[in-house]
Structures are given as C-alpha cells and as structure tokens.
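Novice: Questions regarding the structure given below will be posed in turn.
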Amino acid sequence: MVEGVIPAGERSGAPGPGGRPGPEGRGQFGALGLYLADPRVEASVLGILEQVETDLRASVASADPLVTEAARHLVDAGGKRFRPLLVALGAQFGDPARAQVVPAAVVMELTHLATLYHDDVMDEAAVRRGAPSANSRWTNSVAILVGDYLFARAADIAADLGPEAVRLQARTFARLVHGQIAETVGPRSTDPVAHYLHVIAEKTGSLIATSARFGGMFGGASAEHTEALAGYGEAIGLAFQLSDDLLDIASESVQSGKTPGTDLREGVPTLPVLYALASDDSDAASARLREILATGPLVDDALHAEALGLLRESPALKRARETVRSYAEDARTQLAPLPAGPSRRALESLCDYIADRTS
C-alpha cells in the first residue's frame, strides 16, 4: 500500500480538500489532500504508485546484505511519495502507460531518499518517519555511504531513460547541494527571509519541479505542457514546505507529523519565526516574542509555551499564511497552459488543500 493513499476499498465518502465531498469519496489521497474525481485517472495514478513501490525495493537491492538492509530502511518506513505522485500526475497530460514513467518516478524518489540519509547525519537526527534514523542505527559513515549508493542507483536508472534525464537529474542534484550548503553556512549578508526561501526552493522546490517535469516528459506531453508542469512543481513544492512551518506553530494536534512547536524548541528558523524576528512592530506582545526568540532554542518549557502562544496570535503568522497562499496561487497560475479536465483539477486540488490546511 502506498503511504498517504487510501485504498479504494477503504474510502468512505469523506470530504475532499476544503471540505468538498467527492463522489463516493473517490480520489481522496489521505495526508496529501489530493482529490481525483475521475476513476480512470485515479486508477492510473494508483497503478503507477504501486509499481513504484515494487521497483523501489528492487532498485536498492545489493549483493551486500548490509547495504540492502540499510538502503531499504527508509523505503520500508514509507512516506507520502509526493515526488512519484507528481510524476504520475504529470504523465496524465500524455500517455501515463508509457514504460518510462515508473522508472522516472523511481529516480525522483531515490534521489529524495538519498538526501534524507545525508540530512539526518547533518542534523544528528535520531528518528526519521517514526523509526530510528539510519545514522543512529548504523553510524554516520554508513548512513552517508548508503545515501551515496542511492544517488548512484538513481543515476543508473536515469541513464536508461536517456541523456536528457541524466542531465536533469544531475542539475537537480546540484541545486539540492547548493541549497544544503546555503542552509549550512547561513544567510551571511543576505536577508534572512530571502535566504530561507532560497534554501527551500533549492532543497525542496527543485526536486518536486523535476518530478512534475519528468511526468510530462516521459508521458509524452508537449513541451509547453511539460514546462507548465515544472513551474507548477516548483511553486507547489515551496508552498507545501512552508505550510509545514505553519503547522508546526498553529496546529493543536500532530497534523504536521510531529509535536507542535518542535522546530521552535530546537531553534530551527522557520518562516513565522523569521518574520517575527524581522518585525518592527512596537506592541508589547511582538516585542516580547522577539526577545524570547532571540535567545535561540527554547528548551525551557515555560518559555516555549509562551513563545508558541505569542506566535499563534502574531502578525508574523498571518504574514506567513499569506506567503503560503501566494505560492499556492502561483502554482495554480502555472497550470494555465494545461488543458482543463480531471488531471488539471487534481493538481488544482493541491493548491486548495494547502490554502485550507494553513488557514
């Protein structure tokens, strides 16, 4: 079963994104908020994603049992499979049954998984997707090398797709690395908010943009439609990542996949925090919030609770919501060249979902 996707036999007619019910609950893609109104499109997308799961496991196999176990660690842990989903949706604007569509989706997910192994080493993370991280289970060195192995496997599969696929995957990888370097060294002389948005674009938007592009390319969509898909992927990738920032602050539940305020406690700069720190609002609440945030990680429970409460009522959170909506609307605008129909409506539903989940 693809994580984040509700099997057809288990759909209950629950509302789709924004509370809009779908016919017989069809097309509600769990945690992603994707709504597919057309059963043929839904069957195609689900079929691609199921084959991706099978091929992912086969692609990470190695003659060395340790490498196989470590490489399958995050594959088996699941995930939203957002990047393969974008490949599958992009392919709907051509012929999604083309043989290259599934390998293209596997390339994107392997590249994404490889970055997670490296990220966990850099962040000294102990847990990933509810399971012990690879670095905590096998050591940093093994995690780094397994990440390298996954990059190599992605490149190997991309080679079978042709030189343009190799070139695009390499350029996307370069953007990912630039984004990680920028995050590591910090804003330097750049505005912190502009720097943060640049990092998100490089680390997240780039791979999602290439995923949507691959869907169009290998589904045989026109050049115009493929470019539109890539533009959509870049914008929706930023919107999704930034909306997670807001959920970490605003959610009363574990909607974001982690305890609310985790980033705040760990001193991770997210968009609402950066807006709050850059604010020149002179009211007592804003001044107090800046004072607390300037201290760094909020390990003290009382200060953490106070800052979380102030952020939830702050102009900074409102401004961050507006930024997320602007990226979601930009993503919708990018879809204009695509033909109207169920596939385009599915992509538009992600824009609706992001706007709704952060309101």
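For the structure tokens, the naming scheme is as follows: chains receive sequential letters (A, B, ...) according to their order of presentation, residues are indexed from 1 within each chain, and ligands are indexed from 1 in presentation order.
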Any idea what's packed within 10 Å of Pro297 of chain A, counting only C-alpha atoms, ignoring anything in its chain fewer than 3 positions away? Could you give it as a PyMOL selection string?
Specialist: chain A and resi 262-269+292-294+300+304
Novice: Could you tell me how far atom CA of Ala328 of chain A sits from atom CA of Leu242 of chain A, in Å to one decimal place?
Specialist: 10.3 Å
Novice: What are the nearest atom pairs, with distances in Å to one decimal, for all residues of segment 120-189 of chain A that come at most 9 Å from segment 84-108 of chain A, using only C-alpha atoms, set out by chain and rising residue number as a Markdown table?
Specialist:
```
| residue | atom | partner | partner_atom | distance |
| --- | --- | --- | --- | --- |
| A:Phe151 | CA | A:Val107 | CA | 8.8 |
| A:Arg153 | CA | A:Val107 | CA | 8.0 |
| A:Ala154 | CA | A:Val107 | CA | 4.7 |
| A:Ala155 | CA | A:Val107 | CA | 7.3 |
| A:Asp156 | CA | A:Val107 | CA | 8.8 |
| A:Ile157 | CA | A:Val107 | CA | 6.5 |
| A:Ala158 | CA | A:Val107 | CA | 6.4 |
| A:Asp160 | CA | A:Pro103 | CA | 8.8 |
| A:Leu161 | CA | A:Gln100 | CA | 6.8 |
| A:Ala165 | CA | A:Ala104 | CA | 8.3 |
| A:Gln169 | CA | A:Met108 | CA | 8.1 |
```
Novice: Which residues of segment 224-276 of chain A sit at most 12 Å from segment 315-323 of chain A, using only C-alpha atoms? Give each one's shortest atom pair and distance in Å (one decimal place), in chain and ascending residue order, as JSON lines.
Specialist:
```
{"residue": "A:Ala235", "atom": "CA", "partner": "A:Thr323", "partner_atom": "CA", "distance": 11.4}
{"residue": "A:Leu238", "atom": "CA", "partner": "A:Thr323", "partner_atom": "CA", "distance": 10.0}
{"residue": "A:Ala239", "atom": "CA", "partner": "A:Thr323", "partner_atom": "CA", "distance": 8.3}
{"residue": "A:Phe240", "atom": "CA", "partner": "A:Thr323", "partner_atom": "CA", "distance": 11.4}
{"residue": "A:Gln241", "atom": "CA", "partner": "A:Thr323", "partner_atom": "CA", "distance": 11.6}
{"residue": "A:Leu242", "atom": "CA", "partner": "A:Ala320", "partner_atom": "CA", "distance": 8.2}
{"residue": "A:Ser243", "atom": "CA", "partner": "A:Arg321", "partner_atom": "CA", "distance": 7.7}
{"residue": "A:Asp244", "atom": "CA", "partner": "A:Arg321", "partner_atom": "CA", "distance": 10.8}
{"residue": "A:Asp245", "atom": "CA", "partner": "A:Ala320", "partner_atom": "CA", "distance": 8.8}
{"residue": "A:Leu246", "atom": "CA", "partner": "A:Leu317", "partner_atom": "CA", "distance": 7.3}
{"residue": "A:Leu247", "atom": "CA", "partner": "A:Arg321", "partner_atom": "CA", "distance": 10.2}
{"residue": "A:Asp248", "atom": "CA", "partner": "A:Leu317", "partner_atom": "CA", "distance": 11.2}
{"residue": "A:Ile249", "atom": "CA", "partner": "A:Leu317", "partner_atom": "CA", "distance": 8.4}
{"residue": "A:Ala250", "atom": "CA", "partner": "A:Leu317", "partner_atom": "CA", "distance": 8.4}
{"residue": "A:Thr270", "atom": "CA", "partner": "A:Ala320", "partner_atom": "CA", "distance": 9.6}
{"residue": "A:Leu271", "atom": "CA", "partner": "A:Ala320", "partner_atom": "CA", "distance": 6.3}
{"residue": "A:Pro272", "atom": "CA", "partner": "A:Leu317", "partner_atom": "CA", "distance": 5.1}
{"residue": "A:Val273", "atom": "CA", "partner": "A:Ala316", "partner_atom": "CA", "distance": 7.4}
{"residue": "A:Leu274", "atom": "CA", "partner": "A:Ala316", "partner_atom": "CA", "distance": 8.2}
{"residue": "A:Tyr275", "atom": "CA", "partner": "A:Ala316", "partner_atom": "CA", "distance": 5.2}
{"residue": "A:Ala276", "atom": "CA", "partner": "A:Ala316", "partner_atom": "CA", "distance": 5.0}
```
Novice: For segment 208-243 of chain A against segment 331-340 of chain A, with a cut-off of 8 Å and counting only C-alpha atoms, what is the closest atom pair and its distance in Å to one decimal for every residue that makes the cut, ordered by chain and number, as CSV?
Specialist:
```
residue,atom,partner,partner_atom,distance
A:Glu224,CA,A:Pro337,CA,7.3
A:His225,CA,A:Leu338,CA,5.8
A:Ala228,CA,A:Gln334,CA,5.6
A:Leu229,CA,A:Leu335,CA,6.9
A:Gly231,CA,A:Gln334,CA,5.8
A:Tyr232,CA,A:Ala331,CA,4.6
A:Gly233,CA,A:Ala331,CA,7.3
A:Glu234,CA,A:Ala331,CA,7.8
A:Ala235,CA,A:Ala331,CA,4.9
A:Ile236,CA,A:Ala331,CA,5.5
```
Novice: Atom CA of Pro39 of chain A and atom CA of Leu56 of chain A are how many Å apart?
Specialist: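 Interatomic distance here is 25.4 Å.
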Novice: Taking into account only C-alpha atoms, which residue in the set A:Glu313, A:Asp280, A:Glu202, A:Glu109 is nearest to Phe82 of chain A?
Specialist: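 Under the stated criterion, the closest residue is A:Glu109.
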Novice: Find the spatial neighbours of Gln180 of chain A, counting only C-alpha atoms, within a cut-off of 10 Å - ignore same-chain residues fewer than 2 positions away - and output them as a VMD selection string.
Specialist: chain A and resid 115 118 to 119 122 174 to 178 182 to 186 199 to 200 202 to 203
Novice: Run DSSP on the backbone and tell me which residues of segment 258-305 of chain A come out as helix (DSSP H, G or I); list them as a PDB file with all heavy atoms, in the first residue's frame.
Specialist:
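Contents of the output file out23.pdb:
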```pdb
ATOM      1  N   THR A 262       7.897  21.851  17.683  1.00  0.00           N
ATOM      2  CA  THR A 262       9.179  21.138  17.689  1.00  0.00           C
ATOM      3  C   THR A 262      10.296  22.006  17.119  1.00  0.00           C
ATOM      4  O   THR A 262      11.395  22.089  17.682  1.00  0.00           O
ATOM      5  CB  THR A 262       9.068  19.826  16.894  1.00  0.00           C
ATOM      6  OG1 THR A 262       8.116  18.971  17.538  1.00  0.00           O
ATOM      7  CG2 THR A 262      10.413  19.119  16.833  1.00  0.00           C
ATOM      8  N   ASP A 263      10.051  22.640  15.980  1.00  0.00           N
ATOM      9  CA  ASP A 263      11.075  23.496  15.377  1.00  0.00           C
ATOM     10  C   ASP A 263      11.445  24.641  16.309  1.00  0.00           C
ATOM     11  O   ASP A 263      12.621  25.005  16.432  1.00  0.00           O
ATOM     12  CB  ASP A 263      10.581  24.065  14.047  1.00  0.00           C
ATOM     13  CG  ASP A 263      10.464  23.005  12.962  1.00  0.00           C
ATOM     14  OD1 ASP A 263      11.172  21.991  13.058  1.00  0.00           O
ATOM     15  OD2 ASP A 263       9.655  23.190  12.035  1.00  0.00           O
ATOM     16  N   LEU A 264      10.445  25.179  16.982  1.00  0.00           N
ATOM     17  CA  LEU A 264      10.672  26.271  17.925  1.00  0.00           C
ATOM     18  C   LEU A 264      11.559  25.801  19.075  1.00  0.00           C
ATOM     19  O   LEU A 264      12.502  26.490  19.481  1.00  0.00           O
ATOM     20  CB  LEU A 264       9.321  26.763  18.453  1.00  0.00           C
ATOM     21  CG  LEU A 264       9.267  28.086  19.183  1.00  0.00           C
ATOM     22  CD1 LEU A 264       9.692  29.230  18.283  1.00  0.00           C
ATOM     23  CD2 LEU A 264       7.842  28.333  19.697  1.00  0.00           C
ATOM     24  N   ARG A 265      11.275  24.637  19.604  1.00  0.00           N
ATOM     25  CA  ARG A 265      12.060  24.101  20.714  1.00  0.00           C
ATOM     26  C   ARG A 265      13.511  23.839  20.305  1.00  0.00           C
ATOM     27  O   ARG A 265      14.433  24.021  21.101  1.00  0.00           O
ATOM     28  CB  ARG A 265      11.418  22.807  21.239  1.00  0.00           C
ATOM     29  CG  ARG A 265      12.069  22.251  22.497  1.00  0.00           C
ATOM     30  CD  ARG A 265      11.361  21.009  22.989  1.00  0.00           C
ATOM     31  NE  ARG A 265      10.001  21.275  23.432  1.00  0.00           N
ATOM     32  CZ  ARG A 265       9.684  21.774  24.626  1.00  0.00           C
ATOM     33  NH1 ARG A 265      10.647  22.072  25.499  1.00  0.00           N
ATOM     34  NH2 ARG A 265       8.423  21.974  24.954  1.00  0.00           N
ATOM     35  N   GLU A 266      13.695  23.412  19.059  1.00  0.00           N
ATOM     36  CA  GLU A 266      15.042  23.063  18.597  1.00  0.00           C
ATOM     37  C   GLU A 266      15.797  24.248  18.003  1.00  0.00           C
ATOM     38  O   GLU A 266      16.938  24.104  17.577  1.00  0.00           O
ATOM     39  CB  GLU A 266      14.944  21.939  17.562  1.00  0.00           C
ATOM     40  CG  GLU A 266      14.404  20.638  18.155  1.00  0.00           C
ATOM     41  CD  GLU A 266      14.217  19.546  17.122  1.00  0.00           C
ATOM     42  OE1 GLU A 266      14.415  19.843  15.908  1.00  0.00           O
ATOM     43  OE2 GLU A 266      13.871  18.412  17.497  1.00  0.00           O
ATOM     44  N   LEU A 271       9.627  30.129   8.694  1.00  0.00           N
ATOM     45  CA  LEU A 271       9.141  31.400   8.157  1.00  0.00           C
ATOM     46  C   LEU A 271       8.427  32.268   9.205  1.00  0.00           C
ATOM     47  O   LEU A 271       8.717  33.472   9.298  1.00  0.00           O
ATOM     48  CB  LEU A 271       8.240  31.148   6.951  1.00  0.00           C
ATOM     49  CG  LEU A 271       7.870  32.384   6.138  1.00  0.00           C
ATOM     50  CD1 LEU A 271       9.116  33.034   5.544  1.00  0.00           C
ATOM     51  CD2 LEU A 271       6.883  32.020   5.025  1.00  0.00           C
ATOM     52  N   PRO A 272       7.495  31.736  10.008  1.00  0.00           N
ATOM     53  CA  PRO A 272       6.856  32.602  11.008  1.00  0.00           C
ATOM     54  C   PRO A 272       7.858  33.198  11.996  1.00  0.00           C
ATOM     55  O   PRO A 272       7.728  34.368  12.384  1.00  0.00           O
ATOM     56  CB  PRO A 272       5.869  31.656  11.717  1.00  0.00           C
ATOM     57  CG  PRO A 272       5.636  30.550  10.761  1.00  0.00           C
ATOM     58  CD  PRO A 272       6.921  30.378  10.025  1.00  0.00           C
ATOM     59  N   VAL A 273       8.838  32.409  12.395  1.00  0.00           N
ATOM     60  CA  VAL A 273       9.857  32.905  13.336  1.00  0.00           C
ATOM     61  C   VAL A 273      10.694  33.998  12.687  1.00  0.00           C
ATOM     62  O   VAL A 273      10.976  35.038  13.305  1.00  0.00           O
ATOM     63  CB  VAL A 273      10.747  31.741  13.814  1.00  0.00           C
ATOM     64  CG1 VAL A 273      11.968  32.267  14.567  1.00  0.00           C
ATOM     65  CG2 VAL A 273       9.941  30.789  14.695  1.00  0.00           C
ATOM     66  N   LEU A 274      11.094  33.796  11.446  1.00  0.00           N
ATOM     67  CA  LEU A 274      11.901  34.798  10.751  1.00  0.00           C
ATOM     68  C   LEU A 274      11.127  36.091  10.557  1.00  0.00           C
ATOM     69  O   LEU A 274      11.683  37.192  10.700  1.00  0.00           O
ATOM     70  CB  LEU A 274      12.366  34.256   9.400  1.00  0.00           C
ATOM     71  CG  LEU A 274      13.386  33.118   9.469  1.00  0.00           C
ATOM     72  CD1 LEU A 274      13.615  32.529   8.087  1.00  0.00           C
ATOM     73  CD2 LEU A 274      14.706  33.604  10.058  1.00  0.00           C
ATOM     74  N   TYR A 275       9.845  35.976  10.227  1.00  0.00           N
ATOM     75  CA  TYR A 275       9.021  37.182  10.108  1.00  0.00           C
ATOM     76  C   TYR A 275       8.895  37.889  11.451  1.00  0.00           C
ATOM     77  O   TYR A 275       8.937  39.125  11.522  1.00  0.00           O
ATOM     78  CB  TYR A 275       7.628  36.820   9.586  1.00  0.00           C
ATOM     79  CG  TYR A 275       7.529  36.680   8.086  1.00  0.00           C
ATOM     80  CD1 TYR A 275       6.576  35.843   7.507  1.00  0.00           C
ATOM     81  CD2 TYR A 275       8.353  37.396   7.238  1.00  0.00           C
ATOM     82  CE1 TYR A 275       6.458  35.714   6.132  1.00  0.00           C
ATOM     83  CE2 TYR A 275       8.255  37.278   5.857  1.00  0.00           C
ATOM     84  CZ  TYR A 275       7.305  36.440   5.304  1.00  0.00           C
ATOM     85  OH  TYR A 275       7.186  36.315   3.938  1.00  0.00           O
ATOM     86  N   ALA A 276       8.747  37.120  12.527  1.00  0.00           N
ATOM     87  CA  ALA A 276       8.624  37.726  13.859  1.00  0.00           C
ATOM     88  C   ALA A 276       9.906  38.443  14.248  1.00  0.00           C
ATOM     89  O   ALA A 276       9.876  39.558  14.783  1.00  0.00           O
ATOM     90  CB  ALA A 276       8.276  36.652  14.888  1.00  0.00           C
ATOM     91  N   LEU A 277      11.046  37.829  13.976  1.00  0.00           N
ATOM     92  CA  LEU A 277      12.328  38.444  14.329  1.00  0.00           C
ATOM     93  C   LEU A 277      12.600  39.696  13.500  1.00  0.00           C
ATOM     94  O   LEU A 277      13.245  40.644  13.973  1.00  0.00           O
ATOM     95  CB  LEU A 277      13.460  37.439  14.120  1.00  0.00           C
ATOM     96  CG  LEU A 277      13.562  36.329  15.168  1.00  0.00           C
ATOM     97  CD1 LEU A 277      14.541  35.247  14.712  1.00  0.00           C
ATOM     98  CD2 LEU A 277      13.987  36.898  16.518  1.00  0.00           C
ATOM     99  N   ALA A 278      12.115  39.722  12.266  1.00  0.00           N
ATOM    100  CA  ALA A 278      12.333  40.875  11.391  1.00  0.00           C
ATOM    101  C   ALA A 278      11.320  41.986  11.610  1.00  0.00           C
ATOM    102  O   ALA A 278      11.482  43.094  11.082  1.00  0.00           O
ATOM    103  CB  ALA A 278      12.284  40.427   9.930  1.00  0.00           C
ATOM    104  N   ALA A 284       3.568  45.337  22.814  1.00  0.00           N
ATOM    105  CA  ALA A 284       4.246  44.568  23.858  1.00  0.00           C
ATOM    106  C   ALA A 284       4.397  43.096  23.480  1.00  0.00           C
ATOM    107  O   ALA A 284       5.443  42.485  23.743  1.00  0.00           O
ATOM    108  CB  ALA A 284       3.479  44.697  25.170  1.00  0.00           C
ATOM    109  N   ALA A 285       3.363  42.525  22.854  1.00  0.00           N
ATOM    110  CA  ALA A 285       3.428  41.097  22.510  1.00  0.00           C
ATOM    111  C   ALA A 285       4.523  40.831  21.480  1.00  0.00           C
ATOM    112  O   ALA A 285       5.291  39.874  21.606  1.00  0.00           O
ATOM    113  CB  ALA A 285       2.075  40.631  21.980  1.00  0.00           C
ATOM    114  N   SER A 286       4.608  41.670  20.456  1.00  0.00           N
ATOM    115  CA  SER A 286       5.625  41.480  19.417  1.00  0.00           C
ATOM    116  C   SER A 286       7.027  41.669  19.986  1.00  0.00           C
ATOM    117  O   SER A 286       7.953  40.918  19.649  1.00  0.00           O
ATOM    118  CB  SER A 286       5.396  42.464  18.266  1.00  0.00           C
ATOM    119  OG  SER A 286       4.165  42.205  17.611  1.00  0.00           O
ATOM    120  N   ALA A 287       7.188  42.663  20.840  1.00  0.00           N
ATOM    121  CA  ALA A 287       8.497  42.914  21.444  1.00  0.00           C
ATOM    122  C   ALA A 287       8.917  41.741  22.329  1.00  0.00           C
ATOM    123  O   ALA A 287      10.079  41.314  22.306  1.00  0.00           O
ATOM    124  CB  ALA A 287       8.463  44.210  22.243  1.00  0.00           C
ATOM    125  N   ARG A 288       7.966  41.234  23.113  1.00  0.00           N
ATOM    126  CA  ARG A 288       8.267  40.104  23.978  1.00  0.00           C
ATOM    127  C   ARG A 288       8.604  38.857  23.151  1.00  0.00           C
ATOM    128  O   ARG A 288       9.542  38.109  23.491  1.00  0.00           O
ATOM    129  CB  ARG A 288       7.067  39.813  24.886  1.00  0.00           C
ATOM    130  CG  ARG A 288       7.194  38.559  25.757  1.00  0.00           C
ATOM    131  CD  ARG A 288       8.411  38.591  26.658  1.00  0.00           C
ATOM    132  NE  ARG A 288       8.486  37.417  27.518  1.00  0.00           N
ATOM    133  CZ  ARG A 288       9.578  37.006  28.150  1.00  0.00           C
ATOM    134  NH1 ARG A 288      10.725  37.682  27.995  1.00  0.00           N
ATOM    135  NH2 ARG A 288       9.559  35.941  28.911  1.00  0.00           N
ATOM    136  N   LEU A 289       7.884  38.654  22.052  1.00  0.00           N
ATOM    137  CA  LEU A 289       8.147  37.497  21.197  1.00  0.00           C
ATOM    138  C   LEU A 289       9.555  37.579  20.614  1.00  0.00           C
ATOM    139  O   LEU A 289      10.297  36.590  20.623  1.00  0.00           O
ATOM    140  CB  LEU A 289       7.111  37.429  20.076  1.00  0.00           C
ATOM    141  CG  LEU A 289       7.261  36.288  19.063  1.00  0.00           C
ATOM    142  CD1 LEU A 289       7.259  34.928  19.753  1.00  0.00           C
ATOM    143  CD2 LEU A 289       6.146  36.358  18.014  1.00  0.00           C
ATOM    144  N   ARG A 290       9.956  38.750  20.130  1.00  0.00           N
ATOM    145  CA  ARG A 290      11.316  38.902  19.596  1.00  0.00           C
ATOM    146  C   ARG A 290      12.361  38.640  20.677  1.00  0.00           C
ATOM    147  O   ARG A 290      13.394  38.013  20.421  1.00  0.00           O
ATOM    148  CB  ARG A 290      11.495  40.317  19.027  1.00  0.00           C
ATOM    149  CG  ARG A 290      10.784  40.569  17.720  1.00  0.00           C
ATOM    150  CD  ARG A 290      11.287  41.826  17.035  1.00  0.00           C
ATOM    151  NE  ARG A 290      11.049  43.024  17.828  1.00  0.00           N
ATOM    152  CZ  ARG A 290       9.948  43.759  17.788  1.00  0.00           C
ATOM    153  NH1 ARG A 290       8.950  43.396  16.973  1.00  0.00           N
ATOM    154  NH2 ARG A 290       9.812  44.839  18.534  1.00  0.00           N
ATOM    155  N   GLU A 291      12.082  39.086  21.875  1.00  0.00           N
ATOM    156  CA  GLU A 291      13.022  38.887  22.988  1.00  0.00           C
ATOM    157  C   GLU A 291      13.225  37.400  23.267  1.00  0.00           C
ATOM    158  O   GLU A 291      14.367  36.946  23.450  1.00  0.00           O
ATOM    159  CB  GLU A 291      12.489  39.590  24.240  1.00  0.00           C
ATOM    160  CG  GLU A 291      13.362  39.417  25.474  1.00  0.00           C
ATOM    161  CD  GLU A 291      12.725  40.018  26.722  1.00  0.00           C
ATOM    162  OE1 GLU A 291      11.630  40.607  26.618  1.00  0.00           O
ATOM    163  OE2 GLU A 291      13.313  39.878  27.807  1.00  0.00           O
ATOM    164  N   ILE A 292      12.138  36.647  23.272  1.00  0.00           N
ATOM    165  CA  ILE A 292      12.250  35.213  23.554  1.00  0.00           C
ATOM    166  C   ILE A 292      12.948  34.492  22.399  1.00  0.00           C
ATOM    167  O   ILE A 292      13.853  33.676  22.608  1.00  0.00           O
ATOM    168  CB  ILE A 292      10.859  34.595  23.802  1.00  0.00           C
ATOM    169  CG1 ILE A 292      10.183  35.245  25.015  1.00  0.00           C
ATOM    170  CG2 ILE A 292      10.980  33.080  24.023  1.00  0.00           C
ATOM    171  CD1 ILE A 292       8.750  34.794  25.217  1.00  0.00           C
ATOM    172  N   LEU A 293      12.539  34.779  21.163  1.00  0.00           N
ATOM    173  CA  LEU A 293      13.094  34.084  20.006  1.00  0.00           C
ATOM    174  C   LEU A 293      14.582  34.345  19.831  1.00  0.00           C
ATOM    175  O   LEU A 293      15.319  33.491  19.342  1.00  0.00           O
ATOM    176  CB  LEU A 293      12.345  34.502  18.733  1.00  0.00           C
ATOM    177  CG  LEU A 293      10.876  34.091  18.641  1.00  0.00           C
ATOM    178  CD1 LEU A 293      10.251  34.650  17.368  1.00  0.00           C
ATOM    179  CD2 LEU A 293      10.720  32.577  18.698  1.00  0.00           C
ATOM    180  N   ASP A 301      10.428  24.813  29.171  1.00  0.00           N
ATOM    181  CA  ASP A 301       9.020  24.570  28.841  1.00  0.00           C
ATOM    182  C   ASP A 301       8.169  25.830  28.955  1.00  0.00           C
ATOM    183  O   ASP A 301       7.288  26.068  28.115  1.00  0.00           O
ATOM    184  CB  ASP A 301       8.449  23.484  29.760  1.00  0.00           C
ATOM    185  CG  ASP A 301       8.994  22.096  29.430  1.00  0.00           C
ATOM    186  OD1 ASP A 301       9.529  21.924  28.316  1.00  0.00           O
ATOM    187  OD2 ASP A 301       8.885  21.201  30.294  1.00  0.00           O
ATOM    188  N   ALA A 302       8.408  26.639  29.961  1.00  0.00           N
ATOM    189  CA  ALA A 302       7.602  27.838  30.158  1.00  0.00           C
ATOM    190  C   ALA A 302       7.827  28.842  29.032  1.00  0.00           C
ATOM    191  O   ALA A 302       6.870  29.407  28.480  1.00  0.00           O
ATOM    192  CB  ALA A 302       7.921  28.468  31.514  1.00  0.00           C
ATOM    193  N   LEU A 303       9.090  29.066  28.673  1.00  0.00           N
ATOM    194  CA  LEU A 303       9.391  29.994  27.585  1.00  0.00           C
ATOM    195  C   LEU A 303       8.866  29.461  26.248  1.00  0.00           C
ATOM    196  O   LEU A 303       8.354  30.217  25.418  1.00  0.00           O
ATOM    197  CB  LEU A 303      10.897  30.222  27.487  1.00  0.00           C
ATOM    198  CG  LEU A 303      11.522  31.207  28.471  1.00  0.00           C
ATOM    199  CD1 LEU A 303      13.028  31.276  28.270  1.00  0.00           C
ATOM    200  CD2 LEU A 303      10.900  32.605  28.306  1.00  0.00           C
ATOM    201  N   HIS A 304       8.987  28.162  26.062  1.00  0.00           N
ATOM    202  CA  HIS A 304       8.483  27.549  24.840  1.00  0.00           C
ATOM    203  C   HIS A 304       6.982  27.759  24.716  1.00  0.00           C
ATOM    204  O   HIS A 304       6.485  28.162  23.640  1.00  0.00           O
ATOM    205  CB  HIS A 304       8.816  26.054  24.829  1.00  0.00           C
ATOM    206  CG  HIS A 304       8.288  25.317  23.636  1.00  0.00           C
ATOM    207  ND1 HIS A 304       7.061  24.704  23.626  1.00  0.00           N
ATOM    208  CD2 HIS A 304       8.823  25.104  22.401  1.00  0.00           C
ATOM    209  CE1 HIS A 304       6.858  24.142  22.447  1.00  0.00           C
ATOM    210  NE2 HIS A 304       7.910  24.361  21.684  1.00  0.00           N
ATOM    211  N   ALA A 305       6.252  27.503  25.778  1.00  0.00           N
ATOM    212  CA  ALA A 305       4.798  27.673  25.756  1.00  0.00           C
ATOM    213  C   ALA A 305       4.421  29.127  25.526  1.00  0.00           C
ATOM    214  O   ALA A 305       3.478  29.434  24.779  1.00  0.00           O
ATOM    215  CB  ALA A 305       4.198  27.165  27.065  1.00  0.00           C
TER     216      ALA A 305
END
```
Novice: Smallest atom-to-atom distance to Ser206 of chain A: which of A:Phe218, A:Tyr117, A:Tyr353, A:Phe173, using only C-alpha atoms?
Specialist: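 Going through A:Phe218, A:Tyr117, A:Tyr353, A:Phe173 one by one, the smallest distance to Ser206 of chain A is for A:Phe173.
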